[in-house]
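Below is one structure, written out as C-alpha cells; comments come after it.
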Amino acid sequence: MKERIFIKKAKEHIGLEEFIRSQFVLARTGRIDIQYTPLGTRIIIHTMTPGLVIGAGGERIREIVERLKEDFGLENPQIDVQKVTDPDLDPNVVAQNIASSLERGVNYKRLGNFFLDKIMNAGAIGCEIVISGKLGSEKARSERFIAGYIKKCGEPAQRDVVRGFATANPKQGVIGVLVKIMLFNSEKKISVDNIKFEDEPAEVSEEKKEEKIEEEK
C-alpha cells in the first residue's frame with residue numbers, strides 16, 4: 001500500500017514538473033521544487049527571467065494555478081518565482097543554453113568544452129555533459145565531456161549530483177543534452193591530521209604544588 005502511494009506521488013511530481021517546464025519554454029527555467037504541506041502544494045520555480053513566468057500583473061501565474069487545479073486536482077497550489085542566482089551551477093539552465101546554441105549552429109565540441117570550463121570555474125566539484133544525436137554525421141552518437149570528480153552510481157550519486165536535460169531541434173534532427181553537476185561530496189571524510197588541538201596543560205608535580213603554596217604564604 002505504501003509503495004503504491006509513493007509511486008503515485010512520484011508520478012504526480014514528475015507530471016507537475018513536466019507541465020510547468022512546458023509552459024515556460026522560453027523562460028530558461030532552472031530547478032523546480034515541489035513541496036506538499038497541509039495547507040496545499042507549494043511550487044518554487046527558479047528561472048533566469050522571472051518576468052516571463054509571472055506575466056503582466058501576475059496574469060500568467062494565475063492561469064497556471066487554475067490549470068493545476070483543473071488538470072491535477074490540486075486544492076490550494078501556491079507558486080513562488082525566484083531568480084536563478086548562479087546559472088552556471090544550474091544543470092537545467094546550462095542544458096538549455098547548450099541546446100539553444102546547437103540550434104544556432106555552434107559546434108557541439110566547442111560548446112561542451114566551453115560550458116565544462118564555466119561550470120568548474122563556478123565552483124563545482126565535478127561535471128559531465130552528454131550531447132546525443134546526429135552530430136555532424138548520418139548516424140546518431142553520444143559525446144561526453146567530463147571534468148573534476150563526479151559520482152556515477154549509488155545513493156551519493158542521487159544525493160550529491162544534480163541533473164538537467166534539454167532538447168535541441170536543428171536541421172539534422174533532435175539532439176539531447178544531459179548535464180550533471182556535483183556541487184558537494186557528502187562522503188568526504190575529515191582527516192584527523194588536519195584538525196588542530198589546543199595544547200593540554202602540563203601536569204603539575206606534587207613538589208611544584210607545595211612550592212607554589214609556600215610562595216603564596
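Chain labels run A, B, ... following the order of the C-alpha cells; each chain numbers its residues from 1, and ligands are numbered from 1 in the order shown.
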
Using DSSP on the backbone, list every residue of range 11-204 of chain A that comes out as strand (DSSP E or B), and give them as a PyMOL selection string. chain A and resi 29-37+40-47+78-83+126-133+141-148+161-168+175-182

Contacts of Gly126 in chain A at 7 Å or less, counting only C-alpha atoms, minus same-chain residues fewer than 5 places along, as number ranges by chain? A: 120, 147-150, 181-182

Any chance you can output those residues with C-alpha atoms as a PDB file, in the first residue's frame?
```
ATOM      1  CA  MET A 120      34.121  24.139 -12.966  1.00  0.00           C
ATOM      2  CA  ALA A 147      35.842  17.322 -15.651  1.00  0.00           C
ATOM      3  CA  GLY A 148      36.633  17.007 -11.950  1.00  0.00           C
ATOM      4  CA  TYR A 149      35.142  14.304  -9.722  1.00  0.00           C
ATOM      5  CA  ILE A 150      31.568  13.083 -10.098  1.00  0.00           C
ATOM      6  CA  ILE A 181      26.867  18.715 -11.778  1.00  0.00           C
ATOM      7  CA  MET A 182      28.334  17.590  -8.459  1.00  0.00           C
TER       8      MET A 182
END
```

Spatial neighbours of range 66-83 of chain A, 12 Å, only C-alpha atoms, chain gap at least 2 places, as a ChimeraX atom specification: /A:9,11-17,19-20,23,27-55,58-64,85-87,90,93

DSSP on the backbone: what in range 76-169 of chain A comes out helix (DSSP H, G or I), as number ranges by chain? A: 87-89, 91-103, 108-121, 154-160

Given the selection you just returned, output its residues as a file containing N, CA and C atoms, formatted as a short mmCIF file (atom, residue, chain, number, x, y, z; two decimals), in the first residue's frame.
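Wrote it out as result-v7.cif, contents follow:
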```cif
data_model
loop_
_atom_site.label_atom_id
_atom_site.label_comp_id
_atom_site.auth_asym_id
_atom_site.auth_seq_id
_atom_site.Cartn_x
_atom_site.Cartn_y
_atom_site.Cartn_z
N PRO A 87 23.58 30.74 -12.64
CA PRO A 87 23.16 29.91 -13.77
C PRO A 87 24.17 28.86 -14.19
N ASP A 88 25.46 29.08 -13.93
CA ASP A 88 26.48 28.11 -14.32
C ASP A 88 26.48 26.87 -13.45
N LEU A 89 25.74 26.89 -12.33
CA LEU A 89 25.65 25.72 -11.46
C LEU A 89 24.26 25.11 -11.47
N PRO A 91 22.00 22.84 -13.66
CA PRO A 91 22.13 21.97 -14.83
C PRO A 91 21.04 22.17 -15.88
N ASN A 92 19.83 22.54 -15.44
CA ASN A 92 18.76 22.76 -16.41
C ASN A 92 19.03 24.00 -17.26
N VAL A 93 19.50 25.05 -16.62
CA VAL A 93 19.82 26.28 -17.36
C VAL A 93 20.98 26.04 -18.32
N VAL A 94 22.01 25.33 -17.85
CA VAL A 94 23.16 25.03 -18.71
C VAL A 94 22.72 24.20 -19.91
N ALA A 95 21.89 23.18 -19.68
CA ALA A 95 21.42 22.32 -20.77
C ALA A 95 20.63 23.12 -21.79
N GLN A 96 19.79 24.04 -21.31
CA GLN A 96 19.00 24.87 -22.23
C GLN A 96 19.90 25.82 -23.03
N ASN A 97 20.93 26.35 -22.39
CA ASN A 97 21.86 27.23 -23.09
C ASN A 97 22.61 26.48 -24.20
N ILE A 98 23.02 25.25 -23.90
CA ILE A 98 23.70 24.43 -24.90
C ILE A 98 22.76 24.10 -26.06
N ALA A 99 21.53 23.71 -25.73
CA ALA A 99 20.54 23.36 -26.76
C ALA A 99 20.26 24.55 -27.67
N SER A 100 20.12 25.72 -27.07
CA SER A 100 19.86 26.94 -27.85
C SER A 100 21.02 27.24 -28.81
N SER A 101 22.24 27.05 -28.33
CA SER A 101 23.43 27.30 -29.16
C SER A 101 23.54 26.28 -30.29
N LEU A 102 23.17 25.02 -30.01
CA LEU A 102 23.18 23.98 -31.05
C LEU A 102 22.22 24.33 -32.17
N GLU A 103 21.07 24.88 -31.82
CA GLU A 103 20.09 25.27 -32.83
C GLU A 103 20.58 26.42 -33.69
N TYR A 108 29.29 21.40 -31.48
CA TYR A 108 29.00 20.74 -30.20
C TYR A 108 30.24 20.57 -29.33
N LYS A 109 31.41 20.32 -29.96
CA LYS A 109 32.64 20.16 -29.19
C LYS A 109 33.04 21.47 -28.52
N ARG A 110 32.90 22.54 -29.25
CA ARG A 110 33.20 23.85 -28.69
C ARG A 110 32.28 24.16 -27.52
N LEU A 111 31.00 23.84 -27.69
CA LEU A 111 30.02 24.09 -26.62
C LEU A 111 30.32 23.24 -25.39
N GLY A 112 30.60 21.95 -25.61
CA GLY A 112 30.87 21.05 -24.49
C GLY A 112 32.04 21.51 -23.66
N ASN A 113 33.14 21.86 -24.30
CA ASN A 113 34.33 22.30 -23.57
C ASN A 113 34.13 23.67 -22.93
N PHE A 114 33.42 24.56 -23.62
CA PHE A 114 33.18 25.90 -23.09
C PHE A 114 32.37 25.86 -21.80
N PHE A 115 31.25 25.14 -21.82
CA PHE A 115 30.39 25.09 -20.63
C PHE A 115 31.00 24.23 -19.54
N LEU A 116 31.82 23.26 -19.90
CA LEU A 116 32.53 22.46 -18.91
C LEU A 116 33.44 23.37 -18.07
N ASP A 117 34.17 24.25 -18.74
CA ASP A 117 35.05 25.19 -18.04
C ASP A 117 34.26 26.17 -17.18
N LYS A 118 33.12 26.64 -17.69
CA LYS A 118 32.30 27.59 -16.94
C LYS A 118 31.78 26.97 -15.65
N ILE A 119 31.33 25.73 -15.74
CA ILE A 119 30.79 25.03 -14.57
C ILE A 119 31.86 24.84 -13.51
N MET A 120 33.04 24.38 -13.92
CA MET A 120 34.12 24.14 -12.97
C MET A 120 34.62 25.45 -12.36
N ASN A 121 34.70 26.50 -13.16
CA ASN A 121 35.14 27.81 -12.65
C ASN A 121 34.13 28.41 -11.68
N GLY A 154 24.84 4.72 -7.06
CA GLY A 154 24.61 4.62 -5.62
C GLY A 154 23.90 5.83 -5.05
N GLU A 155 23.69 5.78 -3.74
CA GLU A 155 22.99 6.86 -3.05
C GLU A 155 23.71 8.21 -3.15
N PRO A 156 25.06 8.25 -3.02
CA PRO A 156 25.75 9.55 -3.16
C PRO A 156 25.50 10.22 -4.51
N ALA A 157 25.37 9.41 -5.57
CA ALA A 157 25.11 9.97 -6.90
C ALA A 157 23.73 10.61 -6.95
N GLN A 158 22.77 10.02 -6.24
CA GLN A 158 21.42 10.58 -6.20
C GLN A 158 21.36 11.82 -5.31
N ARG A 159 22.17 11.81 -4.25
CA ARG A 159 22.11 12.87 -3.25
C ARG A 159 22.95 14.09 -3.62
N ASP A 160 24.13 13.86 -4.18
CA ASP A 160 25.09 14.94 -4.39
C ASP A 160 25.14 15.49 -5.81
#
```

Using only C-alpha atoms: which of A:Ala124, A:Gln172, A:Lys152, A:Lys180 has the shortest distance to Glu138 in chain A: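 Using only C-alpha atoms, the shortest distance to Glu138 in chain A belongs to A:Gln172.
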
Computed gap from CA of Gly133 in chain A to CA of Gly173 in chain A is 7.3 Å

Atom-to-atom span, CA of Leu135 in chain A and CA of Asn107 in chain A, Å: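 Atom-to-atom, CA of Leu135 in chain A and CA of Asn107 in chain A are spaced 8.9 Å apart.
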
Given the choices A:Ala56, A:Pro170, A:Val25, A:Leu178, which gets closest to Lys134 in chain A if the distance is worked out from only C-alpha atoms? A:Pro170

May I ask for the distance between CA of Ala166 in chain A and CA of Arg21 in chain A, given in Å to one decimal place? 10.5 Å

Here is a test: counting only C-alpha atoms, which residue of A:Phe165, A:Ile131, A:Arg4, A:Cys153 is nearest to Glu18 in chain A?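 That would be A:Phe165, the residue with the smallest distance to Glu18 in chain A.
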
Using only C-alpha atoms, determine which residues lie at most 6 Å from Ile129 in chain A, disregarding the query and same-chain residues fewer than 4 positions distant; provide the list as a compact mmCIF listing (two decimals) with C-alpha atoms, in the first residue's frame.
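part37.txt was written with the following content:
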```
# COMPACT_ATOMS: atom_id res chain seq x y z
CA ARG A 144 30.79 13.07 -23.32
CA PHE A 145 32.66 15.94 -21.72
CA LEU A 178 22.21 15.96 -20.43
CA VAL A 179 24.12 17.91 -17.77
```
